[in-house]
Amino acid sequence: MCLPWLPAERLARQQKSAPPEPLVLVANDRGRQIIRACCPAAAAEGLHPGLALADARAVLPGVRVAPHDPAGDAACLGWLADGATRWSPMVAAAPPHGLVIDISGCAHLFGGEASLVADVLTRLHRLGFTASHALAATAAAAMALARFGQARVADLPLAALSDQEPVQIALRRAGLKRVGEVAKLPRAAVAARFGEALLAALDALTEAAPQPLDPRLPVAEIVAQQRFAQPIATNDAVRVTLEKLLLRCAVQMGARGVGGRLFALALYRADGHVAQVAVETAEPQRDCAVLLRLFDERIAALNDPLDPGFGYDLVRLAVPVTHALDETQLGLEGGQLAETQLAELVDRLTARLGRGRIRRLVRADTHIPEQASFDLPLAGSAPSLWHAPAPGEPPARPIRVFDPPQPIEVLAEVPDGPPRRFRWRRQVHDVTAHEGPERIAAEWWRRKDGAGLTRDYWRVEAADGRRFWLFRHGLYDREPGPPRWYLHGLFA
Amino acid sequence: MPSVARLVPPVSARVPAAAGRVALDGGRVDAALGGGLALAGCHEIYGPAATALALMLALASARSGPILWLADPRGDDGRLYGAGLAELGGDPGRLWLVAAGAALPMLRAAAEAQRCAALACLVIEAGSASAVDLTVTRRLQLAAAASGVFTLLLRAGLPRPSAALTRWQARAAPARRLAANAPGPPRLALTLERQRGGPADLYLELEWDRDRRRFLPANTVAQPAIPIGAAFGRRAADVGRVPAVAARRTPRPATEIRAA
């Protein structure tokens, strides 16, 4: 598919009215306004991309001008490519204005190649896009044929081989006008004279070395889909369809002994838009009820709710990621059941809140307290072993820590003695009991210069009973600078 | 007609908690709660020691499974510290932290978690969010009663109308002193401010017994031998030199020491 007027037609579609007068899209190029794209009406008057806007105005004084937006055009092409997955799973966008659909083995589902092409063109026309098409054995050939409106690869102009002006001029000077003439030449001579790149382009056009298609969506092995002659427009109908598709996928997965880790639902709206909802699970899963609930969660948590608009005429469920999953027997003691419940809870919370939002505390092998405990996502982290505290001792570490530690003002009896009174968050606390110091040296073996200040930790209790974890950062006289005090944590 | 004496057991006799309940002081307050704090319910905790009380209750409930902790990661009260939880007698790997964001997604996640009976405890750190109103707490309470998930709602600010089973005010209480004037095991001062269908306005001080994961009423915990000098801030090394003082190892109740 080639959509030569994509930029102008996209603008017209956005403004929801066909522009009566010719339209050109311009971009700044070294201080000049250059036409980047134009509409068919402007092209009929002789305007073409590459022309300066001043020259265009001289030809056609009443021409409408709009800024050119290549990113918007690329997004629009991607949107069209998503919509084109209704005809085949192998769809790729070929910027700036091409769509490649691999219809091998798909055409018979739509009543043959001719009716498939007619369907594609009708739908694109309904969206307001003019397209030319071509069918060929390779993607590059199909693109070139559609772009230059030829029927045979041999008849293609030289521009199909190379975008570069010097190469085209060189070919023309050699007396070559068509791709077919270049193809007849000895390969070694072509490579020596015009470079390897030309040969590669030639091979891509002929069937000698077809370029593989890079599909826009991963192609799943397990797919179930449902078409509707009358588009479905309510979310309840979507849910019922989803349930049926899940069941069909579950049967396929059961036959292969696998469970899905990723489930992608694509809802094709009649007007070309595709809504995509994906659900991930921690463990391979093929239980329909569980999956349906996960989809419910996901759909409920969507930032932009599903808008059926004129209705969906195709619903497809794909399972791109699968893992082996055997039938399991329920444990008699219920341990298996609790684990399953927890795994389902994790999946539901992940579907609702996003990945990596459920975390567990993990221990690190370091003496620096704020680095000794951190949290990692539950999926993909193993529980770590923690030191059991000595029986009969009071807790030596706080329940909450501040990272970074909070600076406080401290009054001590003697410079390196225990704190007597401190001020934290504009409140003064009198220390009634204390234990310490617990000296934690800086990790001199990790730093090149071996520098870093020693910390003296104190466990103190204030007059109101609150217990704090304070430290003095640095030693008097032995380490540089006057030591500062910090509050690092809160005990019960 | 039951007499008052039969309803309220004497303080000295520690009564084990009824099934599905967690014992606090094993006496007066447990009796007022109907045999301990009900696990199948939603309880509100206010005050600066709310985090500590929630963790201790989750450990004291002796249920297996993870403790799900829903919190807003943007809070300024520091983060939960694994080593500190281990020092309370728990396994930090059992604590699952969920960064749920604002109040509404947090409450939705809480509703989700309350359906999972395999959780040991669900803690919702709601702060002073105004979204947690009477309707929300009623929903939480009904879900907790239905599934049996032990639900704790940590709140800040002034108490708001709520349908939770109980409301507690948790503060730190001065711990008993160990040798060399070191603070002892954690001690909490709790006020039962409200109880649905039961007596309220009860005050109790509890000490956390880390090794056996249970609460002890503070006034029954024997004060270990403390050399007299230690109470006045003298160094432990100095005290050790006075054998006559160190020999007095008569356990005394904490209240007496404090009165002296």
# chains A, B, ... in the order shown; residues from 1 in each chain; ligands from 1
call {"tool": "interface_residues", "arguments": {"of": "chain A", "to": "chain B", "cutoff": "8 Å", "atoms": "only C-alpha atoms", "output": "JSON, numbers by chain"}}
result
{"A": [338, 339, 341, 342, 345, 348, 349, 352, 353, 357, 358, 359, 360, 361, 362, 363, 372, 373, 374, 378, 383, 384, 386, 387, 388, 389, 391, 392, 393, 394, 395, 396, 397, 398, 399, 400, 401, 402, 403, 433, 434, 435, 459, 460, 461, 463, 464, 465, 466, 467, 489, 491, 492]}
call {"tool": "select_by_dssp", "arguments": {"residues": "region 99-197 of chain B", "states": "alpha helix (DSSP H)", "output": "PyMOL selection string"}}
result
chain B and resi 103-113+134-147
call {"tool": "write_last_selection", "arguments": {"atoms": "N, CA and C atoms", "output": "CSV table (one decimal), in the first residue's frame"}}
result
chain,number,residue,atom,x,y,z
B,103,ALA,N,-4.9,8.0,47.4
B,103,ALA,CA,-5.8,7.3,48.3
B,103,ALA,C,-6.7,6.3,47.5
B,104,LEU,N,-7.2,6.8,46.4
B,104,LEU,CA,-8.2,6.0,45.7
B,104,LEU,C,-7.7,4.7,45.1
B,105,PRO,N,-6.5,4.7,44.4
B,105,PRO,CA,-6.0,3.4,44.0
B,105,PRO,C,-5.6,2.6,45.2
B,106,MET,N,-5.2,3.2,46.3
B,106,MET,CA,-4.8,2.4,47.4
B,106,MET,C,-6.0,1.7,48.0
B,107,LEU,N,-7.1,2.3,48.0
B,107,LEU,CA,-8.3,1.7,48.6
B,107,LEU,C,-8.8,0.6,47.6
B,108,ARG,N,-8.7,0.8,46.3
B,108,ARG,CA,-9.1,-0.2,45.4
B,108,ARG,C,-8.2,-1.5,45.6
B,109,ALA,N,-6.9,-1.2,45.7
B,109,ALA,CA,-5.9,-2.3,46.0
B,109,ALA,C,-6.3,-3.0,47.3
B,110,ALA,N,-6.7,-2.2,48.3
B,110,ALA,CA,-7.0,-2.8,49.6
B,110,ALA,C,-8.3,-3.7,49.4
B,111,ALA,N,-9.2,-3.3,48.7
B,111,ALA,CA,-10.4,-4.1,48.4
B,111,ALA,C,-10.0,-5.4,47.8
B,112,GLU,N,-9.1,-5.3,46.8
B,112,GLU,CA,-8.6,-6.5,46.1
B,112,GLU,C,-7.9,-7.4,47.1
B,113,ALA,N,-7.1,-6.9,48.0
B,113,ALA,CA,-6.3,-7.7,48.9
B,113,ALA,C,-7.2,-8.3,50.0
B,134,LEU,N,-16.7,7.4,56.3
B,134,LEU,CA,-17.5,6.4,57.0
B,134,LEU,C,-17.8,5.2,56.0
B,135,THR,N,-18.2,5.6,54.8
B,135,THR,CA,-18.6,4.5,53.8
B,135,THR,C,-17.4,3.6,53.6
B,136,VAL,N,-16.2,4.2,53.4
B,136,VAL,CA,-15.0,3.4,53.0
B,136,VAL,C,-14.7,2.5,54.2
B,137,THR,N,-14.7,3.0,55.4
B,137,THR,CA,-14.3,2.2,56.5
B,137,THR,C,-15.4,1.1,56.7
B,138,ARG,N,-16.6,1.4,56.4
B,138,ARG,CA,-17.7,0.4,56.6
B,138,ARG,C,-17.4,-0.8,55.6
B,139,ARG,N,-17.0,-0.4,54.4
B,139,ARG,CA,-16.7,-1.3,53.3
B,139,ARG,C,-15.5,-2.2,53.8
B,140,LEU,N,-14.5,-1.6,54.3
B,140,LEU,CA,-13.3,-2.3,54.7
B,140,LEU,C,-13.7,-3.3,55.8
B,141,GLN,N,-14.5,-2.8,56.8
B,141,GLN,CA,-14.9,-3.7,57.9
B,141,GLN,C,-15.7,-4.9,57.4
B,142,LEU,N,-16.7,-4.6,56.5
B,142,LEU,CA,-17.5,-5.7,56.0
B,142,LEU,C,-16.7,-6.7,55.3
B,143,ALA,N,-15.7,-6.2,54.4
B,143,ALA,CA,-14.9,-7.2,53.7
B,143,ALA,C,-14.0,-8.0,54.6
B,144,ALA,N,-13.5,-7.3,55.6
B,144,ALA,CA,-12.6,-8.0,56.6
B,144,ALA,C,-13.4,-9.1,57.3
B,145,ALA,N,-14.6,-8.7,57.7
B,145,ALA,CA,-15.4,-9.7,58.4
B,145,ALA,C,-15.8,-10.9,57.6
B,146,ALA,N,-16.0,-10.6,56.2
B,146,ALA,CA,-16.4,-11.7,55.3
B,146,ALA,C,-15.2,-12.7,55.1
B,147,SER,N,-14.0,-12.1,54.8
B,147,SER,CA,-12.9,-13.0,54.4
B,147,SER,C,-12.0,-13.3,55.5
call {"tool": "select_by_dssp", "arguments": {"residues": "region 10-84 of chain B", "states": "strand (DSSP E)", "output": "ChimeraX atom specification"}}
result
/B:21-22,37-38,42-46,67-71,79-80
call {"tool": "write_last_selection", "arguments": {"atoms": "N, CA and C atoms", "output": "PDB file, in the first residue's frame"}}
result
ATOM      1  N   ARG B  21      -8.516 -14.362  67.748  1.00  0.00           N
ATOM      2  CA  ARG B  21      -8.257 -13.067  68.379  1.00  0.00           C
ATOM      3  C   ARG B  21      -6.812 -13.008  68.812  1.00  0.00           C
ATOM      4  N   VAL B  22      -6.302 -11.805  68.976  1.00  0.00           N
ATOM      5  CA  VAL B  22      -4.931 -11.663  69.432  1.00  0.00           C
ATOM      6  C   VAL B  22      -4.961 -11.021  70.816  1.00  0.00           C
ATOM      7  N   LEU B  37      -8.229  -8.852  70.596  1.00  0.00           N
ATOM      8  CA  LEU B  37      -8.545  -8.053  69.404  1.00  0.00           C
ATOM      9  C   LEU B  37      -8.964  -9.000  68.282  1.00  0.00           C
ATOM     10  N   ALA B  38     -10.169  -8.762  67.736  1.00  0.00           N
ATOM     11  CA  ALA B  38     -10.682  -9.665  66.709  1.00  0.00           C
ATOM     12  C   ALA B  38      -9.832  -9.581  65.446  1.00  0.00           C
ATOM     13  N   CYS B  42     -11.602  -4.762  60.931  1.00  0.00           N
ATOM     14  CA  CYS B  42     -10.768  -3.629  60.558  1.00  0.00           C
ATOM     15  C   CYS B  42     -10.565  -2.760  61.791  1.00  0.00           C
ATOM     16  N   HIS B  43      -9.323  -2.436  62.090  1.00  0.00           N
ATOM     17  CA  HIS B  43      -9.000  -1.642  63.269  1.00  0.00           C
ATOM     18  C   HIS B  43      -8.236  -0.405  62.835  1.00  0.00           C
ATOM     19  N   GLU B  44      -8.552   0.710  63.487  1.00  0.00           N
ATOM     20  CA  GLU B  44      -7.890   1.968  63.153  1.00  0.00           C
ATOM     21  C   GLU B  44      -6.825   2.272  64.188  1.00  0.00           C
ATOM     22  N   ILE B  45      -5.683   2.763  63.719  1.00  0.00           N
ATOM     23  CA  ILE B  45      -4.616   3.133  64.646  1.00  0.00           C
ATOM     24  C   ILE B  45      -4.157   4.553  64.320  1.00  0.00           C
ATOM     25  N   TYR B  46      -4.162   5.399  65.332  1.00  0.00           N
ATOM     26  CA  TYR B  46      -3.634   6.754  65.211  1.00  0.00           C
ATOM     27  C   TYR B  46      -2.374   6.833  66.066  1.00  0.00           C
ATOM     28  N   ILE B  67       2.544 -10.185  54.962  1.00  0.00           N
ATOM     29  CA  ILE B  67       1.912  -8.976  55.483  1.00  0.00           C
ATOM     30  C   ILE B  67       1.929  -7.969  54.345  1.00  0.00           C
ATOM     31  N   LEU B  68       0.759  -7.608  53.855  1.00  0.00           N
ATOM     32  CA  LEU B  68       0.697  -6.675  52.734  1.00  0.00           C
ATOM     33  C   LEU B  68       0.597  -5.261  53.287  1.00  0.00           C
ATOM     34  N   TRP B  69       1.526  -4.413  52.881  1.00  0.00           N
ATOM     35  CA  TRP B  69       1.608  -3.058  53.437  1.00  0.00           C
ATOM     36  C   TRP B  69       1.360  -2.068  52.309  1.00  0.00           C
ATOM     37  N   LEU B  70       0.193  -1.442  52.316  1.00  0.00           N
ATOM     38  CA  LEU B  70      -0.139  -0.462  51.284  1.00  0.00           C
ATOM     39  C   LEU B  70       0.243   0.911  51.789  1.00  0.00           C
ATOM     40  N   ALA B  71       1.051   1.617  51.030  1.00  0.00           N
ATOM     41  CA  ALA B  71       1.478   2.937  51.492  1.00  0.00           C
ATOM     42  C   ALA B  71       1.651   3.857  50.306  1.00  0.00           C
ATOM     43  N   ARG B  79      11.348   5.202  55.479  1.00  0.00           N
ATOM     44  CA  ARG B  79      10.859   3.950  54.881  1.00  0.00           C
ATOM     45  C   ARG B  79      11.018   2.810  55.877  1.00  0.00           C
ATOM     46  N   LEU B  80      10.219   1.767  55.666  1.00  0.00           N
ATOM     47  CA  LEU B  80      10.289   0.603  56.558  1.00  0.00           C
ATOM     48  C   LEU B  80      11.643  -0.067  56.387  1.00  0.00           C
TER      49      LEU B  80
END
call {"tool": "residues_around", "arguments": {"residues": "Asp163 (chain A)", "least_positions_apart": "6", "cutoff": "12 Å", "atoms": "only C-alpha atoms", "output": "ChimeraX atom specification"}}
result
/A:144,157,169,197-198,201
call {"tool": "write_last_selection", "arguments": {"atoms": "C-alpha atoms", "output": "tab-separated table (two decimals), in the first residue's frame"}}
result
chain	number	residue	atom	x	y	z
A	144	ALA	CA	8.07	0.27	-5.36
A	157	PRO	CA	12.15	3.84	-12.93
A	169	ILE	CA	22.55	10.56	-12.63
A	197	ALA	CA	24.16	-0.69	-1.97
A	198	LEU	CA	22.65	-0.59	-5.45
A	201	ALA	CA	18.46	-2.69	-3.52
